[in-house]
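K.L.:
So here's structure-v1.pdb (PDB, C-alpha atoms).
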```pdb
ATOM      1  CA  MET X   1       8.180 -22.839 -21.820
ATOM      2  CA  ASP X   2       8.659 -21.203 -25.220
ATOM      3  CA  ALA X   3      11.474 -18.771 -25.960
ATOM      4  CA  LEU X   4       9.475 -15.603 -25.451
ATOM      5  CA  ALA X   5       7.776 -16.878 -22.294
ATOM      6  CA  GLY X   6      11.197 -17.591 -20.829
ATOM      7  CA  LEU X   7      12.295 -14.035 -21.440
ATOM      8  CA  LEU X   8       9.059 -12.342 -20.386
ATOM      9  CA  GLU X   9       8.514 -14.337 -17.202
ATOM     10  CA  GLY X  10       9.808 -11.396 -15.192
ATOM     11  CA  PRO X  11       7.296  -8.512 -15.383
ATOM     12  CA  ARG X  12       5.470  -8.517 -12.033
ATOM     13  CA  ALA X  13       4.508  -4.977 -11.080
ATOM     14  CA  ARG X  14       3.794  -4.399  -7.381
ATOM     15  CA  GLY X  15       2.418  -0.972  -6.613
ATOM     16  CA  ALA X  16       3.777   0.458  -9.855
ATOM     17  CA  PHE X  17       3.762   4.218 -10.323
ATOM     18  CA  MET X  18       1.007   4.986 -12.829
ATOM     19  CA  ILE X  19      -0.039   8.425 -14.007
ATOM     20  CA  ARG X  20      -1.736  10.295 -16.841
ATOM     21  CA  ALA X  21       0.242  13.385 -17.861
ATOM     22  CA  CYS X  22      -1.600  16.247 -19.594
ATOM     23  CA  PHE X  23       0.280  19.262 -21.012
ATOM     24  CA  ASP X  24       0.186  22.059 -23.541
ATOM     25  CA  PRO X  25       3.389  23.305 -25.248
ATOM     26  CA  PRO X  26       5.876  24.308 -24.121
ATOM     27  CA  TRP X  27       6.461  21.536 -21.607
ATOM     28  CA  CYS X  28       9.467  19.479 -20.543
ATOM     29  CA  ILE X  29       9.967  16.961 -17.733
ATOM     30  CA  ARG X  30      13.377  15.627 -16.763
ATOM     31  CA  VAL X  31      13.283  12.079 -15.367
ATOM     32  CA  GLU X  32      16.025  11.049 -12.931
ATOM     33  CA  ASP X  33      14.111   8.422 -10.964
ATOM     34  CA  ARG X  34      16.532   5.546 -11.759
ATOM     35  CA  ALA X  35      13.537   3.242 -12.278
ATOM     36  CA  PRO X  36      14.396  -0.085 -13.915
ATOM     37  CA  LEU X  37      11.672   0.200 -16.557
ATOM     38  CA  THR X  38       9.209   2.890 -17.632
ATOM     39  CA  VAL X  39       6.507   2.610 -20.279
ATOM     40  CA  MET X  40       5.157   5.716 -22.024
ATOM     41  CA  LEU X  41       2.037   5.420 -24.180
ATOM     42  CA  LEU X  42       1.087   8.556 -26.080
ATOM     43  CA  VAL X  43      -2.686   8.960 -26.307
ATOM     44  CA  ARG X  44      -2.842  12.437 -27.849
ATOM     45  CA  GLY X  45      -0.447  14.935 -29.393
ATOM     46  CA  ASP X  46       3.253  14.311 -29.867
ATOM     47  CA  ALA X  47       6.362  14.244 -27.695
ATOM     48  CA  TRP X  48      10.129  13.925 -27.830
ATOM     49  CA  ILE X  49      12.075  11.609 -25.518
ATOM     50  CA  THR X  50      15.727  12.580 -25.290
ATOM     51  CA  PRO X  51      18.172  10.401 -23.321
ATOM     52  CA  ASP X  52      21.404  11.900 -22.010
ATOM     53  CA  LYS X  53      23.172   9.351 -24.209
ATOM     54  CA  GLY X  54      21.877   7.998 -27.488
ATOM     55  CA  GLU X  55      19.327   8.948 -30.113
ATOM     56  CA  ARG X  56      16.138  10.814 -29.238
ATOM     57  CA  LEU X  57      12.678   9.523 -30.140
ATOM     58  CA  HIS X  58       9.735  11.372 -31.625
ATOM     59  CA  LEU X  59       6.403   9.917 -30.498
ATOM     60  CA  ARG X  60       3.018  10.509 -32.098
ATOM     61  CA  ALA X  61      -0.444   9.514 -30.931
ATOM     62  CA  GLY X  62      -0.631   5.734 -30.514
ATOM     63  CA  ASP X  63       3.141   5.265 -30.238
ATOM     64  CA  LEU X  64       4.783   3.612 -27.251
ATOM     65  CA  ALA X  65       8.251   3.972 -25.749
ATOM     66  CA  ILE X  66      10.042   1.905 -23.121
ATOM     67  CA  ALA X  67      12.955   3.387 -21.195
ATOM     68  CA  ARG X  68      15.354   1.075 -19.362
ATOM     69  CA  GLY X  69      16.926   2.666 -16.297
ATOM     70  CA  PRO X  70      18.823   3.961 -14.559
ATOM     71  CA  ASP X  71      20.013   6.597 -17.035
ATOM     72  CA  PRO X  72      18.102   9.934 -17.049
ATOM     73  CA  TYR X  73      16.130  11.372 -19.954
ATOM     74  CA  THR X  74      13.713  14.190 -20.758
ATOM     75  CA  CYS X  75      10.191  14.164 -22.176
ATOM     76  CA  ALA X  76       9.156  17.358 -23.948
ATOM     77  CA  ASP X  77       7.094  18.952 -26.677
ATOM     78  CA  ASP X  78      10.377  19.882 -28.356
ATOM     79  CA  PRO X  79      14.009  18.880 -27.652
ATOM     80  CA  SER X  80      14.935  22.528 -27.149
ATOM     81  CA  THR X  81      12.385  23.197 -24.384
ATOM     82  CA  PRO X  82      14.114  23.540 -20.985
ATOM     83  CA  PRO X  83      12.946  21.323 -18.094
ATOM     84  CA  GLN X  84      10.074  22.635 -15.995
ATOM     85  CA  ALA X  85      10.086  19.749 -13.511
ATOM     86  CA  VAL X  86      12.469  17.013 -12.355
ATOM     87  CA  ILE X  87      11.287  13.559 -11.274
ATOM     88  CA  LEU X  88      13.536  11.887  -8.679
ATOM     89  CA  PRO X  89      13.415   8.402  -7.078
ATOM     90  CA  GLY X  90      10.192   7.674  -5.231
ATOM     91  CA  ALA X  91       8.208   9.777  -7.742
ATOM     92  CA  GLU X  92       9.329  12.920  -5.916
ATOM     93  CA  CYS X  93       8.821  15.967  -8.126
ATOM     94  CA  PHE X  94      10.798  19.223  -7.912
ATOM     95  CA  TYR X  95      11.244  22.449  -9.817
ATOM     96  CA  PRO X  96      14.630  22.665 -11.573
ATOM     97  CA  ASP X  97      15.822  25.014  -8.804
ATOM     98  CA  GLY X  98      15.178  22.330  -6.170
ATOM     99  CA  ARG X  99      11.851  23.509  -4.733
ATOM    100  CA  SER X 100       9.265  20.807  -4.117
ATOM    101  CA  MET X 101       6.331  20.625  -6.538
ATOM    102  CA  LYS X 102       4.259  18.403  -4.266
ATOM    103  CA  GLY X 103       0.600  18.798  -5.197
ATOM    104  CA  THR X 104       1.083  21.847  -7.423
ATOM    105  CA  MET X 105       0.184  20.083 -10.686
ATOM    106  CA  ASP X 106      -2.287  17.473  -9.450
ATOM    107  CA  LEU X 107      -5.390  17.291 -11.655
ATOM    108  CA  GLY X 108      -7.228  14.433  -9.982
ATOM    109  CA  VAL X 109      -6.816  10.681  -9.546
ATOM    110  CA  ARG X 110      -3.444   9.678 -11.057
ATOM    111  CA  THR X 111      -3.568  12.735 -13.317
ATOM    112  CA  TRP X 112      -0.867  15.374 -13.433
ATOM    113  CA  GLY X 113       0.005  18.376 -15.554
ATOM    114  CA  ALA X 114      -1.298  21.745 -16.691
ATOM    115  CA  ARG X 115      -4.947  21.022 -17.589
ATOM    116  CA  LEU X 116      -7.141  17.964 -18.077
ATOM    117  CA  ASP X 117      -7.830  18.791 -21.722
ATOM    118  CA  GLY X 118      -4.183  19.294 -22.614
ATOM    119  CA  SER X 119      -3.126  18.896 -26.245
ATOM    120  CA  MET X 120      -0.701  16.162 -25.130
ATOM    121  CA  VAL X 121      -1.845  13.202 -23.040
ATOM    122  CA  MET X 122       0.562  10.425 -22.093
ATOM    123  CA  LEU X 123      -0.023   7.340 -19.942
ATOM    124  CA  ILE X 124       3.061   6.441 -17.905
ATOM    125  CA  GLY X 125       3.758   3.250 -15.982
ATOM    126  CA  THR X 126       6.943   2.799 -13.973
ATOM    127  CA  TYR X 127       8.326  -0.330 -12.353
ATOM    128  CA  THR X 128       9.893   0.833  -9.110
ATOM    129  CA  MET X 129      11.498  -2.437  -7.943
ATOM    130  CA  HIS X 130      14.351  -4.495  -9.364
ATOM    131  CA  GLY X 131      13.616  -8.191  -9.780
ATOM    132  CA  GLU X 132      16.377 -10.591 -10.644
ATOM    133  CA  ILE X 133      14.516 -12.358 -13.444
ATOM    134  CA  ASN X 134      13.586  -8.915 -14.675
ATOM    135  CA  GLY X 135      17.339  -8.388 -14.825
ATOM    136  CA  ARG X 136      17.574 -10.890 -17.677
ATOM    137  CA  LEU X 137      14.861  -9.010 -19.487
ATOM    138  CA  LEU X 138      16.461  -5.626 -18.837
ATOM    139  CA  ASP X 139      19.789  -6.876 -20.145
ATOM    140  CA  ALA X 140      18.041  -7.807 -23.394
ATOM    141  CA  LEU X 141      16.647  -4.311 -23.985
ATOM    142  CA  PRO X 142      18.248  -1.153 -25.355
ATOM    143  CA  PRO X 143      18.170   1.942 -23.132
ATOM    144  CA  LEU X 144      15.261   3.313 -25.169
ATOM    145  CA  LEU X 145      12.963   1.601 -27.661
ATOM    146  CA  SER X 146       9.743   2.537 -29.396
ATOM    147  CA  LEU X 147       6.875   1.024 -31.333
ATOM    148  CA  THR X 148       4.808   3.179 -33.660
ATOM    149  CA  SER X 149       1.058   2.882 -34.095
ATOM    150  CA  ASP X 150       1.763   1.503 -37.580
ATOM    151  CA  GLU X 151       3.707  -1.406 -36.090
ATOM    152  CA  TRP X 152       1.164  -2.495 -33.536
ATOM    153  CA  ALA X 153      -2.413  -1.836 -32.525
ATOM    154  CA  CYS X 154      -2.623  -2.162 -28.759
ATOM    155  CA  PRO X 155      -6.086  -3.250 -27.538
ATOM    156  CA  LEU X 156      -5.087  -2.305 -23.985
ATOM    157  CA  THR X 157      -4.926   1.440 -24.672
ATOM    158  CA  PRO X 158      -8.665   2.218 -24.178
ATOM    159  CA  LEU X 159      -8.841   0.006 -21.092
ATOM    160  CA  LEU X 160      -5.743   1.535 -19.506
ATOM    161  CA  THR X 161      -6.990   5.045 -20.324
ATOM    162  CA  GLU X 162     -10.210   4.289 -18.473
ATOM    163  CA  GLU X 163      -8.722   2.410 -15.531
ATOM    164  CA  ILE X 164      -5.814   4.727 -14.723
ATOM    165  CA  VAL X 165      -8.147   7.443 -13.403
ATOM    166  CA  ARG X 166     -10.425   5.159 -11.400
ATOM    167  CA  ASP X 167     -10.335   5.148  -7.610
ATOM    168  CA  GLU X 168     -11.825   1.762  -6.746
ATOM    169  CA  PRO X 169     -10.920  -0.914  -4.180
ATOM    170  CA  GLY X 170      -8.053  -3.019  -5.482
ATOM    171  CA  GLN X 171      -7.336  -0.563  -8.276
ATOM    172  CA  GLU X 172      -3.567  -0.716  -7.826
ATOM    173  CA  VAL X 173      -3.624  -4.452  -8.494
ATOM    174  CA  VAL X 174      -5.702  -3.915 -11.643
ATOM    175  CA  LEU X 175      -3.236  -1.316 -12.901
ATOM    176  CA  ASP X 176      -0.234  -3.497 -12.026
ATOM    177  CA  ARG X 177      -1.586  -6.343 -14.124
ATOM    178  CA  LEU X 178      -2.513  -4.034 -17.008
ATOM    179  CA  LEU X 179       1.025  -2.641 -16.979
ATOM    180  CA  ASP X 180       2.464  -6.168 -17.086
ATOM    181  CA  LEU X 181       0.227  -7.046 -20.033
ATOM    182  CA  LEU X 182       1.148  -3.838 -21.838
ATOM    183  CA  VAL X 183       4.864  -4.532 -21.448
ATOM    184  CA  ILE X 184       4.554  -8.146 -22.587
ATOM    185  CA  ALA X 185       2.394  -7.203 -25.580
ATOM    186  CA  ALA X 186       4.856  -4.506 -26.624
ATOM    187  CA  LEU X 187       7.946  -6.653 -26.179
ATOM    188  CA  ARG X 188       6.444  -9.526 -28.154
ATOM    189  CA  VAL X 189       6.302  -7.133 -31.085
ATOM    190  CA  TRP X 190       9.742  -5.696 -30.323
ATOM    191  CA  PHE X 191      11.507  -9.065 -30.158
ATOM    192  CA  SER X 192      10.034 -10.082 -33.494
ATOM    193  CA  ARG X 193      12.085  -7.334 -35.143
ATOM    194  CA  PRO X 194      15.553  -8.214 -36.505
ATOM    195  CA  GLU X 195      17.157  -5.195 -34.839
ATOM    196  CA  ALA X 196      15.946  -6.263 -31.391
ATOM    197  CA  GLU X 197      19.261  -8.061 -30.728
ATOM    198  CA  ALA X 198      17.880 -10.555 -28.234
ATOM    199  CA  PRO X 199      20.411 -12.051 -25.780
ATOM    200  CA  ALA X 200      22.500 -15.015 -26.851
ATOM    201  CA  TRP X 201      20.599 -17.548 -24.730
ATOM    202  CA  TYR X 202      17.296 -16.357 -26.224
ATOM    203  CA  GLN X 203      18.578 -16.795 -29.766
ATOM    204  CA  ALA X 204      20.057 -20.165 -28.832
ATOM    205  CA  LEU X 205      16.574 -21.485 -28.038
ATOM    206  CA  ALA X 206      16.117 -21.894 -31.806
ATOM    207  CA  ASP X 207      19.016 -24.369 -31.968
ATOM    208  CA  PRO X 208      17.784 -28.015 -32.022
ATOM    209  CA  VAL X 209      20.369 -29.140 -29.470
ATOM    210  CA  VAL X 210      20.986 -26.150 -27.216
ATOM    211  CA  GLY X 211      17.353 -25.043 -27.388
ATOM    212  CA  ARG X 212      16.207 -28.390 -26.002
ATOM    213  CA  VAL X 213      18.725 -28.196 -23.171
ATOM    214  CA  LEU X 214      17.750 -24.624 -22.291
ATOM    215  CA  ARG X 215      14.104 -25.608 -22.084
ATOM    216  CA  LEU X 216      14.948 -28.514 -19.804
ATOM    217  CA  LEU X 217      16.878 -26.202 -17.479
ATOM    218  CA  GLN X 218      14.224 -23.480 -17.491
ATOM    219  CA  ASP X 219      11.287 -25.831 -17.031
ATOM    220  CA  ASP X 220      12.800 -27.986 -14.275
ATOM    221  CA  PRO X 221      15.636 -26.147 -12.512
ATOM    222  CA  ALA X 222      15.253 -28.305  -9.386
ATOM    223  CA  HIS X 223      16.252 -31.489 -11.229
ATOM    224  CA  PRO X 224      19.820 -32.689 -10.418
ATOM    225  CA  TRP X 225      21.080 -31.983 -13.913
ATOM    226  CA  THR X 226      24.595 -32.860 -15.062
ATOM    227  CA  VAL X 227      26.245 -32.255 -18.408
ATOM    228  CA  ALA X 228      26.023 -35.996 -19.011
ATOM    229  CA  SER X 229      22.264 -36.189 -18.347
ATOM    230  CA  LEU X 230      21.607 -33.117 -20.474
ATOM    231  CA  ALA X 231      23.726 -34.504 -23.312
ATOM    232  CA  MET X 232      21.788 -37.755 -23.192
ATOM    233  CA  LYS X 233      18.479 -35.867 -23.417
ATOM    234  CA  ALA X 234      19.799 -33.866 -26.355
ATOM    235  CA  GLY X 235      21.222 -36.921 -28.127
ATOM    236  CA  VAL X 236      24.810 -35.669 -28.326
ATOM    237  CA  SER X 237      28.062 -36.281 -26.493
ATOM    238  CA  ARG X 238      29.032 -34.323 -23.384
ATOM    239  CA  ALA X 239      31.901 -32.665 -25.227
ATOM    240  CA  ALA X 240      29.680 -31.699 -28.158
ATOM    241  CA  LEU X 241      27.033 -30.231 -25.857
ATOM    242  CA  ALA X 242      29.536 -28.308 -23.757
ATOM    243  CA  ARG X 243      31.185 -26.859 -26.855
ATOM    244  CA  ARG X 244      27.943 -25.975 -28.671
ATOM    245  CA  PHE X 245      26.262 -24.548 -25.557
ATOM    246  CA  SER X 246      29.217 -22.308 -24.738
ATOM    247  CA  GLU X 247      29.461 -21.095 -28.334
ATOM    248  CA  LEU X 248      25.790 -20.128 -28.569
ATOM    249  CA  VAL X 249      24.979 -19.041 -25.014
ATOM    250  CA  GLY X 250      28.354 -17.649 -23.982
ATOM    251  CA  GLU X 251      28.776 -19.791 -20.868
ATOM    252  CA  PRO X 252      28.806 -23.526 -19.950
ATOM    253  CA  PRO X 253      25.538 -25.339 -19.194
ATOM    254  CA  MET X 254      26.150 -25.635 -15.453
ATOM    255  CA  THR X 255      27.084 -21.965 -15.160
ATOM    256  CA  TYR X 256      23.864 -21.015 -16.907
ATOM    257  CA  LEU X 257      21.892 -23.336 -14.620
ATOM    258  CA  THR X 258      23.413 -21.769 -11.515
ATOM    259  CA  GLY X 259      22.491 -18.287 -12.710
ATOM    260  CA  TRP X 260      18.957 -19.373 -13.528
ATOM    261  CA  ARG X 261      18.469 -21.082 -10.160
ATOM    262  CA  LEU X 262      19.738 -18.070  -8.233
ATOM    263  CA  ALA X 263      17.617 -15.665 -10.293
ATOM    264  CA  LEU X 264      14.548 -17.739  -9.494
ATOM    265  CA  ALA X 265      15.531 -17.835  -5.824
ATOM    266  CA  ALA X 266      16.011 -14.067  -5.739
ATOM    267  CA  ASP X 267      12.549 -13.492  -7.179
ATOM    268  CA  ARG X 268      10.911 -15.931  -4.769
ATOM    269  CA  LEU X 269      12.686 -14.362  -1.814
ATOM    270  CA  ARG X 270      11.155 -11.055  -2.844
ATOM    271  CA  ASP X 271       7.699 -12.240  -3.873
ATOM    272  CA  SER X 272       6.868 -15.036  -1.414
ATOM    273  CA  ASP X 273       6.978 -15.834   2.290
ATOM    274  CA  ASP X 274       8.462 -19.298   1.717
ATOM    275  CA  THR X 275      11.341 -20.242   3.968
ATOM    276  CA  ILE X 276      14.848 -20.179   2.560
ATOM    277  CA  GLY X 277      14.955 -23.958   2.874
ATOM    278  CA  ALA X 278      11.751 -24.340   0.853
ATOM    279  CA  ILE X 279      13.028 -21.978  -1.826
ATOM    280  CA  ALA X 280      16.316 -23.886  -1.933
ATOM    281  CA  ARG X 281      14.456 -27.108  -2.714
ATOM    282  CA  GLN X 282      12.275 -25.378  -5.315
ATOM    283  CA  VAL X 283      15.277 -24.197  -7.325
ATOM    284  CA  GLY X 284      17.530 -27.221  -6.988
ATOM    285  CA  TYR X 285      19.641 -26.775  -3.847
ATOM    286  CA  GLY X 286      19.731 -29.485  -1.200
ATOM    287  CA  SER X 287      19.611 -27.155   1.784
ATOM    288  CA  ALA X 288      19.263 -23.564   2.894
ATOM    289  CA  PHE X 289      22.992 -23.533   3.610
ATOM    290  CA  ALA X 290      23.855 -24.605   0.048
ATOM    291  CA  LEU X 291      21.606 -21.918  -1.423
ATOM    292  CA  SER X 292      22.948 -19.276   0.963
ATOM    293  CA  SER X 293      26.552 -20.045   0.066
ATOM    294  CA  ALA X 294      25.909 -19.860  -3.680
ATOM    295  CA  PHE X 295      23.661 -16.808  -3.352
ATOM    296  CA  LYS X 296      26.171 -14.804  -1.322
ATOM    297  CA  ARG X 297      28.996 -15.740  -3.683
ATOM    298  CA  VAL X 298      27.093 -14.341  -6.674
ATOM    299  CA  TYR X 299      25.010 -11.500  -5.173
ATOM    300  CA  GLY X 300      27.279 -10.451  -2.330
ATOM    301  CA  VAL X 301      24.528 -10.698   0.288
ATOM    302  CA  SER X 302      22.751 -13.557   2.038
ATOM    303  CA  PRO X 303      19.251 -14.611   0.933
ATOM    304  CA  GLN X 304      17.812 -13.104   4.115
ATOM    305  CA  GLU X 305      19.574  -9.779   3.486
ATOM    306  CA  HIS X 306      18.256  -9.795  -0.092
ATOM    307  CA  ARG X 307      14.712 -10.433   1.176
ATOM    308  CA  THR X 308      14.962  -7.648   3.753
ATOM    309  CA  ARG X 309      16.300  -5.111   1.245
ATOM    310  CA  ASN X 310      13.482  -5.861  -1.204
ATOM    311  CA  ALA X 311      10.680  -6.032   1.346
TER
END
```
Mind turning this structure into structure tokens?
P.N.:
Amino acid sequence: MDALAGLLEGPRARGAFMIRACFDPPWCIRVEDRAPLTVMLLVRGDAWITPDKGERLHLRAGDLAIARGPDPYTCADDPSTPPQAVILPGAECFYPDGRSMKGTMDLGVRTWGARLDGSMVMLIGTYTMHGEINGRLLDALPPLLSLTSDEWACPLTPLLTEEIVRDEPGQEVVLDRLLDLLVIAALRVWFSRPEAEAPAWYQALADPVVGRVLRLLQDDPAHPWTVASLAMKAGVSRAALARRFSELVGEPPMTYLTGWRLALAADRLRDSDDTIGAIARQVGYGSAFALSSAFKRVYGVSPQEHRTRNA
């Protein structure tokens, strides 16, 4: 597993909220949906994205923005335009005075706004569920990032524009996978930039010693690794590995391995029907009891409670 694959393993949309927004100025939407990740791809016109905290972004046609939740923000034709609608969790839409807007701005299949031929058209994809491996990715991102059309040419834009308004069998799955591909394509470009400030463990993958150890842990978490066996694989002493790993990653090798195993377990509890015992063996625990004890210590709930909450 290469460095980027390790970081981008998480995006797995399941019934993501996808919509095409069409507006003419003045327009302004306040987003308070607390979604973990939202992608905004501007097809036509321009728009401002203004977070409650931090710098605002000006998007032009072809630009893309990614907002990391849960903090609210506004999308508008101009930063001074007051909100005309508020988006809450569950894609519930209300007027600023609290009245429901249900159905009032529907323009057809996954299309919303003032008129179909609006001067601004934006494609929006929102991940509505938290995944624990996604948590590593989210921690690596700023609250708001953007890529201009000069920085990347996304081949998915025409396909997503066409597919988002289709009403075919299995269409949600098609859109989920397109959203995943869009996010991965965008973040590949983002993480190649010096200002991306990737997490310490991601940067440490470039180190000849620590990078090898990280790949061993990521590729085979079920192996009964010890500091001694990892040091032997890396060709250094246990003390040297422990010191170098902690300096570059920010935590000892076994602590990192525990976090990785539990993150994998959390995702598999959400995404599969495997028994807790089977998942325990897949991620390196000898029994369901051992996994449950470690899981509850870190996440505060049992594996079964985690599965139920994320069903």
K.L.:
Determine the nearest neighbour of Arg212 in chain X from the options X:Glu197, X:Leu241, X:Pro303, X:Trp27, counting all atoms listed in the file.
P.N.:
X:Leu241
K.L.:
Taking all atoms listed in the file into account, name the residue in X:Ala242, X:Ala67, X:Ile19, X:Ile49 that is nearest to Pro143 in chain X.
P.N.:
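Residue with the minimum atom-to-atom distance to Pro143 in chain X: X:Ala67.
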K.L.:
Which of these residues is nearest to Asp139 in chain X, using only C-alpha atoms: X:Ala61, X:Ile184, X:Ala196, X:Val301?
P.N.:
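For Asp139 in chain X, the nearest of the given residues is X:Ala196.
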K.L.:
Name the residues captured by the PyMOL selection byres ((chain X and resi 84-97) around 10) when it is applied to the shown file; answer as a short mmCIF file (atom, residue, chain, number, x, y, z; two decimals) with C-alpha atoms, in the coordinates of the input.
P.N.:
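Written out: result_4.cif:
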```cif
data_model
loop_
_atom_site.label_atom_id
_atom_site.label_comp_id
_atom_site.auth_asym_id
_atom_site.auth_seq_id
_atom_site.Cartn_x
_atom_site.Cartn_y
_atom_site.Cartn_z
CA PHE X 17 3.76 4.22 -10.32
CA PRO X 26 5.88 24.31 -24.12
CA TRP X 27 6.46 21.54 -21.61
CA CYS X 28 9.47 19.48 -20.54
CA ILE X 29 9.97 16.96 -17.73
CA ARG X 30 13.38 15.63 -16.76
CA VAL X 31 13.28 12.08 -15.37
CA GLU X 32 16.02 11.05 -12.93
CA ASP X 33 14.11 8.42 -10.96
CA ARG X 34 16.53 5.55 -11.76
CA ALA X 35 13.54 3.24 -12.28
CA PRO X 72 18.10 9.93 -17.05
CA THR X 74 13.71 14.19 -20.76
CA ALA X 76 9.16 17.36 -23.95
CA THR X 81 12.38 23.20 -24.38
CA PRO X 82 14.11 23.54 -20.98
CA PRO X 83 12.95 21.32 -18.09
CA GLY X 98 15.18 22.33 -6.17
CA ARG X 99 11.85 23.51 -4.73
CA SER X 100 9.26 20.81 -4.12
CA MET X 101 6.33 20.62 -6.54
CA LYS X 102 4.26 18.40 -4.27
CA GLY X 103 0.60 18.80 -5.20
CA THR X 104 1.08 21.85 -7.42
CA MET X 105 0.18 20.08 -10.69
CA THR X 126 6.94 2.80 -13.97
CA THR X 128 9.89 0.83 -9.11
#
```
K.L.:
I'd like to see the residues matched by the PyMOL selection byres ((chain X and resi 211) around 12) on this file, and ideally I'd get them as JSON, numbers by chain.
P.N.:
{"X": [1, 2, 3, 6, 200, 201, 202, 203, 204, 205, 206, 207, 208, 209, 210, 212, 213, 214, 215, 216, 217, 218, 230, 233, 234, 241, 244, 245, 248, 249, 253]}
K.L.:
Can I get the selected residues back with C-alpha atoms, as a PDB file, keeping the file's coordinate frame?
P.N.:
```pdb
ATOM      1  CA  MET X   1       8.180 -22.839 -21.820  1.00  0.00           C
ATOM      2  CA  ASP X   2       8.659 -21.203 -25.220  1.00  0.00           C
ATOM      3  CA  ALA X   3      11.474 -18.771 -25.960  1.00  0.00           C
ATOM      4  CA  GLY X   6      11.197 -17.591 -20.829  1.00  0.00           C
ATOM      5  CA  ALA X 200      22.500 -15.015 -26.851  1.00  0.00           C
ATOM      6  CA  TRP X 201      20.599 -17.548 -24.730  1.00  0.00           C
ATOM      7  CA  TYR X 202      17.296 -16.357 -26.224  1.00  0.00           C
ATOM      8  CA  GLN X 203      18.578 -16.795 -29.766  1.00  0.00           C
ATOM      9  CA  ALA X 204      20.057 -20.165 -28.832  1.00  0.00           C
ATOM     10  CA  LEU X 205      16.574 -21.485 -28.038  1.00  0.00           C
ATOM     11  CA  ALA X 206      16.117 -21.894 -31.806  1.00  0.00           C
ATOM     12  CA  ASP X 207      19.016 -24.369 -31.968  1.00  0.00           C
ATOM     13  CA  PRO X 208      17.784 -28.015 -32.022  1.00  0.00           C
ATOM     14  CA  VAL X 209      20.369 -29.140 -29.470  1.00  0.00           C
ATOM     15  CA  VAL X 210      20.986 -26.150 -27.216  1.00  0.00           C
ATOM     16  CA  ARG X 212      16.207 -28.390 -26.002  1.00  0.00           C
ATOM     17  CA  VAL X 213      18.725 -28.196 -23.171  1.00  0.00           C
ATOM     18  CA  LEU X 214      17.750 -24.624 -22.291  1.00  0.00           C
ATOM     19  CA  ARG X 215      14.104 -25.608 -22.084  1.00  0.00           C
ATOM     20  CA  LEU X 216      14.948 -28.514 -19.804  1.00  0.00           C
ATOM     21  CA  LEU X 217      16.878 -26.202 -17.479  1.00  0.00           C
ATOM     22  CA  GLN X 218      14.224 -23.480 -17.491  1.00  0.00           C
ATOM     23  CA  LEU X 230      21.607 -33.117 -20.474  1.00  0.00           C
ATOM     24  CA  LYS X 233      18.479 -35.867 -23.417  1.00  0.00           C
ATOM     25  CA  ALA X 234      19.799 -33.866 -26.355  1.00  0.00           C
ATOM     26  CA  LEU X 241      27.033 -30.231 -25.857  1.00  0.00           C
ATOM     27  CA  ARG X 244      27.943 -25.975 -28.671  1.00  0.00           C
ATOM     28  CA  PHE X 245      26.262 -24.548 -25.557  1.00  0.00           C
ATOM     29  CA  LEU X 248      25.790 -20.128 -28.569  1.00  0.00           C
ATOM     30  CA  VAL X 249      24.979 -19.041 -25.014  1.00  0.00           C
ATOM     31  CA  PRO X 253      25.538 -25.339 -19.194  1.00  0.00           C
TER      32      PRO X 253
END
```
K.L.:
Give me, please, the distance in Å between CA of Gly54 in chain X and CA of Leu144 in chain X, quoted to one decimal.
P.N.:
8.4 Å
K.L.:
When distances are computed from all atoms listed in the file, which of X:Met120, X:Thr50, X:Arg60, X:Tyr256 shows the smallest separation from Ser80 in chain X?
P.N.:
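Closest to Ser80 in chain X of all the choices is X:Thr50.
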K.L.:
Take the PyMOL selection byres ((chain X and resi 155-158) around 10), apply it to the structure above, and return the hits as a list in words.
P.N.:
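Checking the PyMOL selection byres ((chain X and resi 155-158) around 10) against this file, the residues are Leu41, Leu42, Val43, Gly62, Leu123, Trp152, Ala153, Cys154, Leu159, Leu160, Thr161, Glu162, Glu163, Leu178, Leu179, Leu181, Leu182 and Ala185 of chain X.
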K.L.:
Tell me which protein, DNA and RNA residues are within 12 Å of Asp46 in chain X, counting all atoms listed in the file, leaving out same-chain ones fewer than 6 positions away, and put them as an mmCIF file with C-alpha atoms, in the coordinates of the input.
P.N.:
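So the final result, stored in out36.cif, reads:
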```
data_model
loop_
_atom_site.group_PDB
_atom_site.id
_atom_site.type_symbol
_atom_site.label_atom_id
_atom_site.label_comp_id
_atom_site.auth_asym_id
_atom_site.auth_seq_id
_atom_site.Cartn_x
_atom_site.Cartn_y
_atom_site.Cartn_z
ATOM 1 C CA CYS X 22 -1.600 16.247 -19.594
ATOM 2 C CA PHE X 23 0.280 19.262 -21.012
ATOM 3 C CA ASP X 24 0.186 22.059 -23.541
ATOM 4 C CA PRO X 25 3.389 23.305 -25.248
ATOM 5 C CA PRO X 26 5.876 24.308 -24.121
ATOM 6 C CA TRP X 27 6.461 21.536 -21.607
ATOM 7 C CA MET X 40 5.157 5.716 -22.024
ATOM 8 C CA LEU X 57 12.678 9.523 -30.140
ATOM 9 C CA HIS X 58 9.735 11.372 -31.625
ATOM 10 C CA LEU X 59 6.403 9.917 -30.498
ATOM 11 C CA ARG X 60 3.018 10.509 -32.098
ATOM 12 C CA ALA X 61 -0.444 9.514 -30.931
ATOM 13 C CA GLY X 62 -0.631 5.734 -30.514
ATOM 14 C CA ASP X 63 3.141 5.265 -30.238
ATOM 15 C CA LEU X 64 4.783 3.612 -27.251
ATOM 16 C CA CYS X 75 10.191 14.164 -22.176
ATOM 17 C CA ALA X 76 9.156 17.358 -23.948
ATOM 18 C CA ASP X 77 7.094 18.952 -26.677
ATOM 19 C CA ASP X 78 10.377 19.882 -28.356
ATOM 20 C CA PRO X 79 14.009 18.880 -27.652
ATOM 21 C CA GLY X 118 -4.183 19.294 -22.614
ATOM 22 C CA SER X 119 -3.126 18.896 -26.245
ATOM 23 C CA MET X 120 -0.701 16.162 -25.130
ATOM 24 C CA VAL X 121 -1.845 13.202 -23.040
ATOM 25 C CA MET X 122 0.562 10.425 -22.093
ATOM 26 C CA THR X 148 4.808 3.179 -33.660
#
```
